[in-house]
>>> print(open('data_19.txt').read())   # compact mmCIF, C-alpha atoms
# COMPACT_ATOMS: atom_id res chain seq x y z
CA MET D 146 -27.91 -7.47 -26.38
CA LEU D 147 -30.33 -5.33 -24.46
CA ARG D 148 -32.88 -3.23 -26.30
CA ASN D 149 -31.95 -0.05 -24.48
CA PRO D 150 -28.42 0.99 -25.60
CA ARG D 151 -27.72 2.76 -22.29
CA HIS D 152 -28.62 -0.38 -20.37
CA GLU D 153 -26.29 -2.37 -22.64
CA ARG D 154 -23.42 0.11 -22.06
CA PHE D 155 -24.15 -0.04 -18.32
CA ALA D 156 -23.98 -3.86 -18.35
CA GLN D 157 -20.74 -3.84 -20.37
CA ALA D 158 -19.14 -1.30 -18.05
CA LEU D 159 -20.07 -3.37 -15.00
CA ALA D 160 -18.72 -6.51 -16.69
CA LYS D 161 -15.43 -4.66 -17.24
CA GLY D 162 -15.19 -4.14 -13.50
CA LEU D 163 -16.41 -0.59 -13.00
CA SER D 164 -18.47 0.31 -9.98
CA GLY D 165 -22.23 0.81 -10.30
CA LYS D 166 -21.83 4.59 -10.08
CA ALA D 167 -19.04 4.74 -12.67
CA ALA D 168 -20.89 2.37 -15.01
CA TYR D 169 -24.06 4.47 -14.72
CA VAL D 170 -22.20 7.65 -15.67
CA GLU D 171 -20.24 5.92 -18.47
CA ALA D 172 -23.48 4.58 -19.94
CA GLY D 173 -24.51 8.18 -20.60
CA PHE D 174 -26.93 8.83 -17.75
CA ARG D 175 -26.82 12.19 -15.98
CA ALA D 176 -26.77 12.23 -12.22
CA ARG D 177 -26.04 14.67 -9.40
CA ASP D 178 -24.64 13.91 -5.99
CA HIS D 179 -25.50 10.31 -4.98
CA ALA D 180 -28.13 9.83 -7.67
CA ALA D 181 -25.71 7.81 -9.85
CA GLU D 182 -25.18 5.30 -7.03
CA VAL D 183 -28.91 4.98 -6.35
CA GLU D 184 -29.96 4.74 -10.00
CA GLY D 185 -27.11 2.36 -10.81
CA SER D 186 -28.28 0.11 -8.01
CA LYS D 187 -31.86 0.24 -9.29
CA LEU D 188 -30.73 -0.58 -12.83
CA LEU D 189 -28.66 -3.47 -11.54
CA ARG D 190 -31.74 -5.01 -9.92
CA LYS D 191 -33.56 -5.28 -13.24
CA PRO D 192 -33.57 -8.96 -14.24
CA GLU D 193 -32.69 -8.40 -17.92
CA VAL D 194 -29.71 -6.17 -16.99
CA SER D 195 -28.37 -8.56 -14.34
CA ALA D 196 -28.77 -11.50 -16.76
CA ARG D 197 -26.82 -9.60 -19.42
CA ILE D 198 -24.06 -8.79 -16.93
CA ALA D 199 -23.83 -12.47 -15.97
CA GLU D 200 -23.65 -13.43 -19.66
CA LEU D 201 -20.85 -10.93 -20.35
CA GLN D 202 -18.89 -12.06 -17.29
CA ALA D 203 -19.25 -15.72 -18.26
CA ARG D 204 -17.95 -14.88 -21.75
CA GLN D 205 -14.92 -13.15 -20.21
CA VAL D 206 -14.23 -16.14 -17.96
CA ARG D 207 -14.30 -18.51 -20.93
CA ARG D 208 -12.00 -16.23 -22.90
CA LEU D 209 -9.57 -15.85 -19.99
CA ASP D 210 -9.73 -19.47 -18.90
CA VAL D 211 -6.13 -20.25 -19.76
CA THR D 212 -4.46 -22.89 -17.65
CA VAL D 213 -1.18 -24.73 -17.72
CA GLU D 214 -3.07 -27.74 -19.10
CA THR D 215 -4.57 -25.82 -22.02
CA ILE D 216 -1.24 -24.28 -22.93
CA CYS D 217 0.43 -27.71 -22.74
CA GLN D 218 -2.24 -29.13 -25.04
CA GLU D 219 -1.69 -26.31 -27.53
CA LEU D 220 2.09 -26.80 -27.44
CA GLU D 221 1.70 -30.55 -27.90
CA ALA D 222 -0.56 -29.98 -30.91
CA ALA D 223 1.99 -27.54 -32.35
CA ARG D 224 4.80 -30.04 -31.75
CA ALA D 225 2.85 -32.85 -33.45
CA GLY D 226 2.06 -30.62 -36.44
CA ALA D 227 5.70 -29.56 -36.72
CA MET D 228 6.86 -33.18 -36.60
CA ALA D 229 4.36 -34.12 -39.31
CA ALA D 230 5.65 -31.25 -41.47
CA ARG D 231 9.26 -32.34 -40.71
CA GLN D 232 10.00 -28.96 -39.09
CA TYR D 233 12.15 -30.27 -36.29
CA SER D 234 13.30 -26.90 -34.97
CA ALA D 235 9.68 -25.84 -34.44
CA ALA D 236 8.96 -29.17 -32.73
CA THR D 237 11.97 -28.69 -30.48
CA ALA D 238 10.83 -25.14 -29.62
CA ALA D 239 7.37 -26.43 -28.69
CA SER D 240 8.89 -29.17 -26.51
CA LEU D 241 11.15 -26.66 -24.77
CA GLY D 242 8.19 -24.34 -24.23
CA LYS D 243 6.29 -27.16 -22.58
CA ALA D 244 9.26 -28.05 -20.37
CA LYS D 245 9.66 -24.42 -19.27
CA LEU D 246 5.95 -24.13 -18.56
CA LEU D 247 6.01 -27.24 -16.39
CA GLY D 248 9.09 -25.99 -14.50
CA LEU D 249 11.45 -28.65 -15.81
CA ILE D 250 13.76 -26.00 -17.29
CA THR D 251 14.45 -22.62 -15.75
CA ASP D 252 16.08 -19.68 -17.48
CA LYS D 253 19.38 -18.53 -16.08
CA ALA D 254 17.83 -15.10 -15.60
CA GLU D 255 15.59 -16.41 -12.82
CA ILE D 256 16.94 -15.49 -9.40
CA GLU D 257 15.75 -17.60 -6.51
CA THR D 258 17.72 -15.99 -3.68
CA THR D 259 18.23 -12.46 -2.48
CA VAL D 260 21.50 -11.13 -3.81
CA ARG D 261 21.59 -8.21 -1.41
CA ARG D 262 19.29 -6.76 1.18
CA PRO D 263 18.09 -3.17 1.00
CA MET D 264 19.94 -0.74 3.23
CA ARG D 265 18.22 1.00 6.10
CA ASP D 266 19.37 4.35 4.76
CA PRO D 267 19.26 4.13 0.95
CA GLY D 268 21.32 7.30 0.57
CA ALA D 269 24.24 5.89 2.56
CA VAL D 270 26.90 4.00 0.65
CA ARG D 271 28.76 1.35 2.61
CA GLN D 272 31.90 -0.12 1.14
CA MET D 273 33.86 -3.06 2.50
CA SER D 274 37.29 -2.43 3.83
CA LEU D 275 40.15 -4.49 2.46
CA GLN D 276 40.25 -6.51 5.68
CA GLU D 277 36.49 -7.27 5.51
CA TRP D 278 36.84 -8.28 1.87
CA GLU D 279 39.76 -10.60 2.65
CA GLU D 280 37.89 -12.19 5.57
CA ARG D 281 34.86 -12.83 3.42
CA PHE D 282 36.44 -14.01 0.17
CA LYS D 283 39.89 -15.38 1.10
CA PRO D 284 40.05 -19.20 0.87
CA LYS D 285 40.10 -20.80 4.30
CA ALA D 286 42.74 -23.36 5.34
CA SER D 287 41.40 -26.71 6.53
CA ALA D 288 41.35 -27.44 10.29
CA PRO D 289 43.84 -29.99 11.78
CA GLN D 290 42.58 -33.40 12.93
CA GLN D 291 42.36 -34.21 16.63
CA GLY D 292 45.43 -35.92 18.06
CA ASN D 293 47.97 -35.03 15.40
CA ASP D 294 48.73 -31.62 14.02
CA LYS D 295 48.24 -32.60 10.40
CA PRO D 296 45.39 -31.11 8.38
CA ALA D 297 42.33 -33.31 7.82
CA THR D 298 42.73 -33.01 4.07
CA LYS D 299 45.41 -31.74 1.80
CA PRO D 300 45.66 -28.00 2.29
CA GLU D 301 44.48 -26.07 -0.69
CA LYS D 302 46.56 -23.34 -2.14
CA ALA D 303 45.98 -20.44 0.27
CA GLU D 304 45.46 -17.83 -2.40
CA PRO D 305 45.07 -18.53 -6.09
CA GLU D 306 47.18 -16.34 -8.33
CA ASP D 307 44.17 -14.35 -9.51
CA ALA D 308 43.09 -13.63 -5.93
CA VAL D 309 46.61 -12.43 -5.07
CA ARG D 310 46.58 -10.12 -8.08
CA ILE D 311 43.21 -8.70 -7.09
CA ILE D 312 44.28 -8.12 -3.49
CA ASP D 313 47.53 -6.48 -4.65
CA ALA D 314 45.56 -4.28 -7.06
CA ILE D 315 43.22 -3.20 -4.26
CA ARG D 316 46.16 -2.39 -1.98
CA GLN D 317 47.87 -0.39 -4.72
CA ALA D 318 44.69 1.54 -5.47
CA LYS D 319 44.21 2.37 -1.78
CA ALA D 320 47.83 3.48 -1.48
CA ALA D 321 47.50 5.66 -4.58
CA ARG D 322 44.32 7.21 -3.12
CA ARG D 323 46.12 7.96 0.14
CA VAL D 324 49.00 9.56 -1.71
CA LYS D 325 46.63 11.55 -3.93
CA SER D 326 44.48 12.75 -1.03
CA GLY D 327 47.58 13.63 1.01
CA SER D 328 49.01 15.79 -1.76
CA THR D 329 45.77 17.73 -2.29
>>> encode(input="data_19.txt", output="structure tokens")
Amino acid sequence: MLRNPRHERFAQALAKGLSGKAAYVEAGFRARDHAAEVEGSKLLRKPEVSARIAELQARQVRRLDVTVETICQELEAARAGAMAARQYSAATAASLGKAKLLGLITDKAEIETTVRRPMRDPGAVRQMSLQEWEERFKPKASAPQQGNDKPATKPEKAEPEDAVRIIDAIRQAKAARRVKSGST
């Protein structure tokens, strides 16, 4: 620590990431106009203050020096300790934590693709028409082979029963809306 408490507070504030001016004012010095910038710069050039700042920053780097390797080592130590204590659920949790950290297991909550793109006009609501919905989600029949008019593979059922029910429900809802809006 520095002998002068204001110099120590200045060094700690700079190590936290404040600017020279802000650190000078936070250390308790009074300054008008650009004096805080000038005096902070002068204080920063003092060898004992700059050495203290370097020491504090190095301490922060050591404290924050967490890597995938260090976490894996900690998890492996926890797994080994749990195995020695015959706490198999804790050992399994440590192994799973390691696997997740290394990217071998991903949570289902992770989304790797864009589900939808933002609209140009966020206030506008665009809904699919029934025809657009059918074109997009209706199962497609397989194409015939060249030469004969038979399909290349066995044709799949054109519309599963659930899809037919959904389409019928959409049609009924649209018809009910038309009737309701026509009577109003």
>>> residues_around(input="data_19.txt", residues="region 225-242 of chain D", least_positions_apart="6", cutoff="12 Å", atoms="all atoms listed in the file", output="PyMOL selection string")
chain D and resi 213+216-219+248-252
>>> residues_around(input="data_19.txt", residues="Ala156 (chain D)", least_positions_apart="5", cutoff="10 Å", atoms="all atoms listed in the file", output="list in words")
Met146, Leu147, Pro150, Arg151, Lys161, Leu163, Gly165, Ala168, Tyr169, Ala172, Leu188, Leu189, Glu193, Val194, Ser195, Ala196, Arg197, Ile198, Ala199, Glu200, Leu201 and Gln202 of chain D
>>> closest_residue(input="data_19.txt", among="D:Ala180, D:Ala314, D:Gly173, D:Ala160", to="Val206 (chain D)", atoms="only C-alpha atoms")
D:Ala160
>>> atom_distance(input="data_19.txt", atom1="CA of Leu275 (chain D)", atom2="CA of Lys319 (chain D)")
9.0 Å
>>> atom_distance(input="data_19.txt", atom1="CA of Glu182 (chain D)", atom2="CA of Gln205 (chain D)")
24.9 Å
>>> atom_distance(input="data_19.txt", atom1="CA of Phe174 (chain D)", atom2="CA of Phe155 (chain D)")
9.3 Å
>>> closest_residue(input="data_19.txt", among="D:Ala223, D:Ala158, D:Ala321, D:Lys166", to="Glu184 (chain D)", atoms="all atoms listed in the file")
D:Lys166
>>> closest_residue(input="data_19.txt", among="D:Ala203, D:His152, D:Trp278, D:Gly185", to="Arg316 (chain D)", atoms="only C-alpha atoms")
D:Trp278
>>> residues_around(input="data_19.txt", residues="Glu279 (chain D)", least_positions_apart="5", cutoff="10 Å", atoms="only C-alpha atoms", output="MDAnalysis selection string")
chainID D and resid 273:274 284 308 312
>>> closest_residue(input="data_19.txt", among="D:Arg204, D:Lys325, D:Ser164, D:Ala318", to="Ser186 (chain D)", atoms="all atoms listed in the file")
D:Ser164
>>> build_atoms(input="data_19.txt", residues="region 227-238 of chain D", atoms="all heavy atoms", output="short mmCIF file (atom, residue, chain, number, x, y, z; two decimals), in the frame of the given file")
data_model
loop_
_atom_site.label_atom_id
_atom_site.label_comp_id
_atom_site.auth_asym_id
_atom_site.auth_seq_id
_atom_site.Cartn_x
_atom_site.Cartn_y
_atom_site.Cartn_z
N ALA D 227 4.35 -29.84 -36.23
CA ALA D 227 5.70 -29.56 -36.72
C ALA D 227 6.43 -30.85 -37.09
O ALA D 227 7.15 -30.91 -38.09
CB ALA D 227 6.49 -28.77 -35.68
N MET D 228 6.24 -31.88 -36.30
CA MET D 228 6.86 -33.18 -36.60
C MET D 228 6.29 -33.74 -37.90
O MET D 228 7.03 -34.29 -38.72
CB MET D 228 6.65 -34.17 -35.46
CG MET D 228 7.44 -33.85 -34.21
SD MET D 228 9.21 -33.92 -34.43
CE MET D 228 9.46 -35.69 -34.51
N ALA D 229 4.99 -33.62 -38.09
CA ALA D 229 4.36 -34.12 -39.31
C ALA D 229 4.87 -33.36 -40.53
O ALA D 229 5.03 -33.94 -41.60
CB ALA D 229 2.85 -34.00 -39.21
N ALA D 230 5.16 -32.07 -40.36
CA ALA D 230 5.65 -31.25 -41.47
C ALA D 230 7.18 -31.32 -41.57
O ALA D 230 7.77 -30.60 -42.38
CB ALA D 230 5.20 -29.81 -41.29
N ARG D 231 7.80 -32.15 -40.75
CA ARG D 231 9.26 -32.34 -40.71
C ARG D 231 9.97 -31.02 -40.43
O ARG D 231 11.03 -30.74 -40.96
CB ARG D 231 9.74 -32.97 -42.01
CG ARG D 231 9.06 -34.32 -42.27
CD ARG D 231 9.60 -35.02 -43.44
NE ARG D 231 10.92 -35.57 -43.01
CZ ARG D 231 11.75 -36.18 -43.83
NH1 ARG D 231 11.44 -36.31 -45.10
NH2 ARG D 231 12.89 -36.65 -43.41
N GLN D 232 9.38 -30.21 -39.54
CA GLN D 232 10.00 -28.96 -39.09
C GLN D 232 10.49 -29.20 -37.66
O GLN D 232 9.82 -28.87 -36.68
CB GLN D 232 9.00 -27.81 -39.16
CG GLN D 232 8.57 -27.48 -40.56
CD GLN D 232 7.55 -26.36 -40.59
OE1 GLN D 232 7.06 -25.91 -39.54
NE2 GLN D 232 7.23 -25.90 -41.78
N TYR D 233 11.66 -29.79 -37.58
CA TYR D 233 12.15 -30.27 -36.29
C TYR D 233 12.53 -29.13 -35.35
O TYR D 233 12.39 -29.27 -34.13
CB TYR D 233 13.32 -31.22 -36.51
CG TYR D 233 12.92 -32.41 -37.35
CD1 TYR D 233 13.44 -32.62 -38.61
CD2 TYR D 233 11.97 -33.31 -36.87
CE1 TYR D 233 13.05 -33.70 -39.37
CE2 TYR D 233 11.57 -34.40 -37.63
CZ TYR D 233 12.12 -34.58 -38.88
OH TYR D 233 11.72 -35.65 -39.63
N SER D 234 12.97 -28.01 -35.87
CA SER D 234 13.30 -26.90 -34.97
C SER D 234 12.04 -26.35 -34.31
O SER D 234 12.05 -25.99 -33.12
CB SER D 234 14.05 -25.79 -35.73
OG SER D 234 13.22 -25.25 -36.73
N ALA D 235 10.94 -26.30 -35.03
CA ALA D 235 9.68 -25.84 -34.44
C ALA D 235 9.18 -26.85 -33.41
O ALA D 235 8.65 -26.47 -32.35
CB ALA D 235 8.63 -25.64 -35.53
N ALA D 236 9.36 -28.13 -33.69
CA ALA D 236 8.96 -29.17 -32.73
C ALA D 236 9.80 -29.08 -31.47
O ALA D 236 9.28 -29.21 -30.35
CB ALA D 236 9.10 -30.55 -33.36
N THR D 237 11.08 -28.84 -31.64
CA THR D 237 11.97 -28.69 -30.48
C THR D 237 11.56 -27.46 -29.66
O THR D 237 11.53 -27.51 -28.43
CB THR D 237 13.43 -28.55 -30.94
OG1 THR D 237 13.77 -29.70 -31.70
CG2 THR D 237 14.37 -28.42 -29.76
N ALA D 238 11.25 -26.37 -30.33
CA ALA D 238 10.83 -25.14 -29.62
C ALA D 238 9.55 -25.39 -28.83
O ALA D 238 9.42 -24.92 -27.69
CB ALA D 238 10.64 -24.01 -30.62
#
